[in-house]
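Take a look at the structure set out below.
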Amino acid sequence: MGLFDKLKNIIIKKEEIKEKDVTELNEVEKIEKKELETYEKGLEKTREEFVSKLSLLGHKYTKVNDSYFEELEDILIMADIGVNTVFKFLEQLKKRVKEENITDFNYLQEVIVDELFIIYVSGESLSDKINLQEDGPTVILMVGVNGVGKTTTIAKLAAKYKKQGKKVMMIAADTFRAGAVPQLEEWAEKTESLFYGSENTDPSGVIFDGLQKAKEEQADIVLIDTAGRLQNKVNLMKELEKMNKVIGCIIPNAPHETLLVIDATTGQNGIMQAKSFQEITNITGIVLTKLDGTAKGGIVLAIKEEVNIPVKFIGLGEKMDDLENFDIESYIYGLFKDMMT
Ligand SMILES: Nc1nc2c(ncn2[C@@H]2O[C@H](COP(=O)(O)OP(=O)(O)OP(=O)(O)O)[C@@H](O)[C@H]2O)c(=O)[nH]1
Ligand SMILES: [Mg+2]
């Protein structure tokens with residue numbers, strides 16, 4: 001069975017679960033149904049732009065020629081798959097078209113989906129799991145430039161872990177922006193999480209005190225909010241170093257995750273941010289937010305190809321439960337469902 005057929009089977013199976021009535025589903029399937037609905041809705045814009053353009057392109061041409069490839073290139077770049085990735089992809093596609101002498105556009109579409117998926121699964125496999133600790137708190141540090149969705153993601157993560165019965169604590173180490181501390185405190189109240197924060201102090205000092213409290217209270221998950229200003233790189237690096245030192249001093253081997261939050265609507269700019277942060281600290285995962293607000297859903301592929309940090313969560317809306325674990329199969333479903341069913 002070819003890769004495309006495998007993907008198609010996955011999509012068909014998922015479609016079955018999604019179409020079933022909730023009463024017919026077991027607990028695991030219920031969670032999957034909800035996840036699929038979030039992906040489907042969250043990737044609507046990308047699907048409508050990218051996939052429907054792709055289909056139209058197949059109808060427009062009668063021959064696979066240079067101008068077909070040029071238009072295809074534009075569509076892929078618009079979806080923010082990334083210029084380098086697009087070039088590599090096109091090279092591979094052209095090679096296959098030539099070697100397999102492809103003239104049929106339906107088959108060509110299959111090959112395109114195939115090759116896009118190969119970009120994601122090729123190379124070393126990246127774990128999208130969170131490094132949860134059996135005993136003692138799991139410390140998750142959130143970083144990213146301002147406005148990308150760090151604080152909202154913390155609230156969403158808190159809600160997620162609360163649902164799993166975990167004791168969650170938030171630490172407000174964004175002592176820079178006015179109003180950041182009470183903003184997080186409000187989320188702590190809404191999600192019934194523990195909270196530690198103090199304004200106008202040194203972020204590392206807040207983290208020091210907050211982590212002591214987390215230990216006393218025996219929190220399972222500690223989410224640390226940080227300031228989003230990307231001042232000069234050296235200062236940011238020093239500050240992150242200091243935070244990491246303090247965290248590791250109180251809880252050995254922590255932080256267990258440093259998640260970089262990227263706003264998907266900023267496209268290639270987000271890729272640049274990932275590269276910068278990667279140079280100054282050990283990023284263990286990416287949270288890609290606001291995928292619902294953009295047709296640039298292809299950025300997931302660019303991150304894999306150009307940055308090689310696993311996307312661990314995606315934000316697909318502003319509501320508390322619009323955060324999902326990143327799952328490549330559900331992503332493929334959200335993107336290509338119309339094309340394959
Ligand atoms: N549509 C959509 N909006 C989101 C998502 N995630 C966050 N937002 C919105 O993005 C805006 C900024 O979110 P914040 O969480 O305050 O961002 P931040 O990174 O903490 O910002 P600073 O603290 O200023 O650095 C808010 O209006 C959020 O509701 C998402 O997945 N989808
Ligand atoms: Mg914030």
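If you're wondering about the labels, chains in the structure tokens are A, B, ... by order shown, residues count from 1 in each chain, ligands from 1 in order shown.
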
Got a sec: who's within 10 Å of Leu335 (chain A), counting only C-alpha atoms, leaving out chain neighbours fewer than 2 positions off, as a VMD selection string?
chain A and resid 39 to 40 42 to 48 50 to 51 297 to 298 329 to 333 337 to 339

Using only C-alpha atoms and all ligand atoms, I'd like a table of the residues in chain A that come within 9 Å of ligand 1; for each, show the closest atom pair and its distance in Å rounded to one decimal, ordered by chain and ascending number, as a Markdown table.
| residue | atom | partner | partner_atom_place_in_ligand_line | distance |
| --- | --- | --- | --- | --- |
| A:Gly42 | CA | ligand 1 | 32 (N) | 8.5 |
| A:Val143 | CA | ligand 1 | 19 (O) | 8.1 |
| A:Gly144 | CA | ligand 1 | 19 (O) | 6.5 |
| A:Val145 | CA | ligand 1 | 25 (O) | 5.9 |
| A:Asn146 | CA | ligand 1 | 25 (O) | 3.1 |
| A:Gly147 | CA | ligand 1 | 21 (O) | 3.4 |
| A:Val148 | CA | ligand 1 | 19 (O) | 4.0 |
| A:Gly149 | CA | ligand 1 | 17 (O) | 3.2 |
| A:Lys150 | CA | ligand 1 | 19 (O) | 3.8 |
| A:Thr151 | CA | ligand 1 | 15 (O) | 3.7 |
| A:Thr152 | CA | ligand 1 | 15 (O) | 3.6 |
| A:Thr153 | CA | ligand 1 | 15 (O) | 6.2 |
| A:Ile154 | CA | ligand 1 | 15 (O) | 7.8 |
| A:Ala155 | CA | ligand 1 | 15 (O) | 8.4 |
| A:Asp174 | CA | ligand 1 | 23 (O) | 7.3 |
| A:Arg177 | CA | ligand 1 | 24 (O) | 7.1 |
| A:Gly179 | CA | ligand 1 | 23 (O) | 8.9 |
| A:Ala180 | CA | ligand 1 | 23 (O) | 6.1 |
| A:Gln183 | CA | ligand 1 | 16 (O) | 8.3 |
| A:Leu184 | CA | ligand 1 | 20 (O) | 8.9 |
| A:Asp225 | CA | ligand 1 | 20 (O) | 7.6 |
| A:Thr226 | CA | ligand 1 | 23 (O) | 7.6 |
| A:Ala227 | CA | ligand 1 | 25 (O) | 5.7 |
| A:Gly228 | CA | ligand 1 | 25 (O) | 3.9 |
| A:Arg229 | CA | ligand 1 | 25 (O) | 6.8 |
| A:Val261 | CA | ligand 1 | 19 (O) | 7.4 |
| A:Ile262 | CA | ligand 1 | 19 (O) | 8.7 |
| A:Asp263 | CA | ligand 1 | 6 (N) | 7.8 |
| A:Ala264 | CA | ligand 1 | 31 (O) | 8.7 |
| A:Leu288 | CA | ligand 1 | 31 (O) | 7.6 |
| A:Thr289 | CA | ligand 1 | 31 (O) | 4.1 |
| A:Lys290 | CA | ligand 1 | 32 (N) | 3.4 |
| A:Leu291 | CA | ligand 1 | 31 (O) | 6.2 |
| A:Asp292 | CA | ligand 1 | 1 (N) | 5.7 |
| A:Gly293 | CA | ligand 1 | 1 (N) | 5.4 |
| A:Thr294 | CA | ligand 1 | 1 (N) | 8.9 |
| A:Ile314 | CA | ligand 1 | 31 (O) | 7.0 |
| A:Gly315 | CA | ligand 1 | 31 (O) | 3.4 |
| A:Leu316 | CA | ligand 1 | 31 (O) | 4.4 |
| A:Gly317 | CA | ligand 1 | 32 (N) | 3.5 |
| A:Glu318 | CA | ligand 1 | 2 (C) | 4.4 |
| A:Lys319 | CA | ligand 1 | 29 (O) | 7.8 |
| A:Asp322 | CA | ligand 1 | 31 (O) | 6.6 |
| A:Leu323 | CA | ligand 1 | 31 (O) | 6.9 |

Could the residues in this selection be written to a file with C-alpha atoms, as a short mmCIF file (atom, residue, chain, number, x, y, z; two decimals), in the first residue's frame?
data_model
loop_
_atom_site.label_atom_id
_atom_site.label_comp_id
_atom_site.auth_asym_id
_atom_site.auth_seq_id
_atom_site.Cartn_x
_atom_site.Cartn_y
_atom_site.Cartn_z
CA GLY A 42 -9.02 25.39 13.41
CA VAL A 143 8.95 31.88 26.32
CA GLY A 144 8.24 33.90 23.20
CA VAL A 145 7.97 37.46 21.90
CA ASN A 146 5.10 39.66 23.02
CA GLY A 147 1.53 38.99 22.06
CA VAL A 148 2.05 35.49 20.68
CA GLY A 149 -0.21 33.84 23.26
CA LYS A 150 2.05 32.73 26.13
CA THR A 151 -0.34 33.67 28.93
CA THR A 152 -3.40 32.29 27.16
CA THR A 153 -1.57 29.04 26.47
CA ILE A 154 -0.67 28.74 30.15
CA ALA A 155 -4.34 29.09 31.02
CA ASP A 174 6.57 38.52 33.54
CA ARG A 177 4.76 44.47 31.32
CA GLY A 179 -0.79 44.28 34.17
CA ALA A 180 0.84 40.97 33.30
CA GLN A 183 -3.76 38.96 34.15
CA LEU A 184 -2.20 35.62 35.02
CA ASP A 225 4.97 32.90 32.40
CA THR A 226 7.79 35.15 31.18
CA ALA A 227 8.03 38.58 29.60
CA GLY A 228 7.72 38.80 25.85
CA ARG A 229 10.13 41.50 24.97
CA VAL A 261 5.20 30.08 21.70
CA ILE A 262 4.87 31.16 18.07
CA ASP A 263 1.95 33.00 16.48
CA ALA A 264 1.10 31.15 13.26
CA LEU A 288 1.90 27.15 17.56
CA THR A 289 -0.98 29.48 18.35
CA LYS A 290 -3.71 31.18 16.30
CA LEU A 291 -3.76 28.54 13.58
CA ASP A 292 -7.49 29.23 13.40
CA GLY A 293 -6.84 32.78 12.26
CA THR A 294 -4.64 32.05 9.30
CA ILE A 314 -1.35 23.95 18.70
CA GLY A 315 -3.77 26.73 19.55
CA LEU A 316 -6.87 26.61 17.41
CA GLY A 317 -9.00 29.33 18.99
CA GLU A 318 -9.38 31.69 21.92
CA LYS A 319 -11.44 29.44 24.18
CA ASP A 322 -8.95 25.27 21.97
CA LEU A 323 -5.53 23.80 22.65
#

Which parts of region 13-242 of chain A does DSSP call strand (DSSP E) when run on the backbone here, written out as a PDB file with N, CA and C atoms, in the first residue's frame?
ATOM      1  N   THR A 138       6.502  18.978  37.628  1.00  0.00           N
ATOM      2  CA  THR A 138       7.015  19.146  36.274  1.00  0.00           C
ATOM      3  C   THR A 138       7.008  20.643  35.999  1.00  0.00           C
ATOM      4  N   VAL A 139       8.173  21.182  35.667  1.00  0.00           N
ATOM      5  CA  VAL A 139       8.265  22.628  35.465  1.00  0.00           C
ATOM      6  C   VAL A 139       8.292  22.952  33.976  1.00  0.00           C
ATOM      7  N   ILE A 140       7.344  23.766  33.558  1.00  0.00           N
ATOM      8  CA  ILE A 140       7.262  24.162  32.148  1.00  0.00           C
ATOM      9  C   ILE A 140       7.451  25.680  32.047  1.00  0.00           C
ATOM     10  N   LEU A 141       8.500  26.070  31.350  1.00  0.00           N
ATOM     11  CA  LEU A 141       8.811  27.484  31.166  1.00  0.00           C
ATOM     12  C   LEU A 141       8.296  27.927  29.799  1.00  0.00           C
ATOM     13  N   MET A 142       7.517  29.014  29.785  1.00  0.00           N
ATOM     14  CA  MET A 142       6.980  29.493  28.510  1.00  0.00           C
ATOM     15  C   MET A 142       7.747  30.725  28.067  1.00  0.00           C
ATOM     16  N   VAL A 143       8.246  30.704  26.850  1.00  0.00           N
ATOM     17  CA  VAL A 143       8.945  31.875  26.322  1.00  0.00           C
ATOM     18  C   VAL A 143       8.385  32.245  24.944  1.00  0.00           C
ATOM     19  N   VAL A 168      -2.136  22.161  39.700  1.00  0.00           N
ATOM     20  CA  VAL A 168      -1.399  23.060  38.813  1.00  0.00           C
ATOM     21  C   VAL A 168      -1.063  24.366  39.524  1.00  0.00           C
ATOM     22  N   MET A 169       0.129  24.855  39.255  1.00  0.00           N
ATOM     23  CA  MET A 169       0.494  26.163  39.792  1.00  0.00           C
ATOM     24  C   MET A 169       1.044  27.054  38.688  1.00  0.00           C
ATOM     25  N   MET A 170       0.680  28.343  38.759  1.00  0.00           N
ATOM     26  CA  MET A 170       1.218  29.305  37.790  1.00  0.00           C
ATOM     27  C   MET A 170       2.155  30.270  38.508  1.00  0.00           C
ATOM     28  N   ILE A 171       3.264  30.585  37.853  1.00  0.00           N
ATOM     29  CA  ILE A 171       4.169  31.597  38.405  1.00  0.00           C
ATOM     30  C   ILE A 171       4.282  32.743  37.402  1.00  0.00           C
ATOM     31  N   ALA A 172       4.018  33.957  37.878  1.00  0.00           N
ATOM     32  CA  ALA A 172       4.048  35.122  36.993  1.00  0.00           C
ATOM     33  C   ALA A 172       5.428  35.767  37.008  1.00  0.00           C
ATOM     34  N   ALA A 173       6.288  35.308  36.107  1.00  0.00           N
ATOM     35  CA  ALA A 173       7.628  35.885  36.041  1.00  0.00           C
ATOM     36  C   ALA A 173       7.725  36.943  34.939  1.00  0.00           C
ATOM     37  N   LEU A 194      -3.100  27.110  41.600  1.00  0.00           N
ATOM     38  CA  LEU A 194      -2.351  27.887  42.590  1.00  0.00           C
ATOM     39  C   LEU A 194      -1.627  28.994  41.844  1.00  0.00           C
ATOM     40  N   PHE A 195      -1.242  30.028  42.568  1.00  0.00           N
ATOM     41  CA  PHE A 195      -0.617  31.161  41.897  1.00  0.00           C
ATOM     42  C   PHE A 195       0.487  31.763  42.746  1.00  0.00           C
ATOM     43  N   TYR A 196       1.570  32.176  42.087  1.00  0.00           N
ATOM     44  CA  TYR A 196       2.553  32.996  42.770  1.00  0.00           C
ATOM     45  C   TYR A 196       3.018  34.098  41.828  1.00  0.00           C
ATOM     46  N   GLY A 197       3.029  35.319  42.316  1.00  0.00           N
ATOM     47  CA  GLY A 197       3.493  36.418  41.482  1.00  0.00           C
ATOM     48  C   GLY A 197       3.738  37.650  42.307  1.00  0.00           C
ATOM     49  N   ILE A 221       2.215  20.255  38.360  1.00  0.00           N
ATOM     50  CA  ILE A 221       2.644  20.985  37.165  1.00  0.00           C
ATOM     51  C   ILE A 221       2.861  22.450  37.532  1.00  0.00           C
ATOM     52  N   VAL A 222       4.013  22.992  37.163  1.00  0.00           N
ATOM     53  CA  VAL A 222       4.251  24.416  37.386  1.00  0.00           C
ATOM     54  C   VAL A 222       4.444  25.093  36.032  1.00  0.00           C
ATOM     55  N   LEU A 223       3.624  26.084  35.762  1.00  0.00           N
ATOM     56  CA  LEU A 223       3.700  26.810  34.491  1.00  0.00           C
ATOM     57  C   LEU A 223       4.255  28.201  34.756  1.00  0.00           C
ATOM     58  N   ILE A 224       5.373  28.526  34.132  1.00  0.00           N
ATOM     59  CA  ILE A 224       6.009  29.821  34.385  1.00  0.00           C
ATOM     60  C   ILE A 224       5.823  30.753  33.188  1.00  0.00           C
ATOM     61  N   ASP A 225       5.192  31.890  33.434  1.00  0.00           N
ATOM     62  CA  ASP A 225       4.973  32.903  32.398  1.00  0.00           C
ATOM     63  C   ASP A 225       6.162  33.874  32.394  1.00  0.00           C
ATOM     64  N   THR A 226       6.666  34.204  31.225  1.00  0.00           N
ATOM     65  CA  THR A 226       7.793  35.145  31.179  1.00  0.00           C
ATOM     66  C   THR A 226       7.439  36.348  30.296  1.00  0.00           C
TER      67      THR A 226
END

Region 166-231 of chain A: which residues are helix (DSSP H, G or I) by DSSP, as a count of residues only?
25

Mind checking which residues fall within 12 Å of Gln109 (chain A), counting only C-alpha atoms, ignoring those fewer than 4 positions away in the same chain, and posting them as a count of residues only?
25
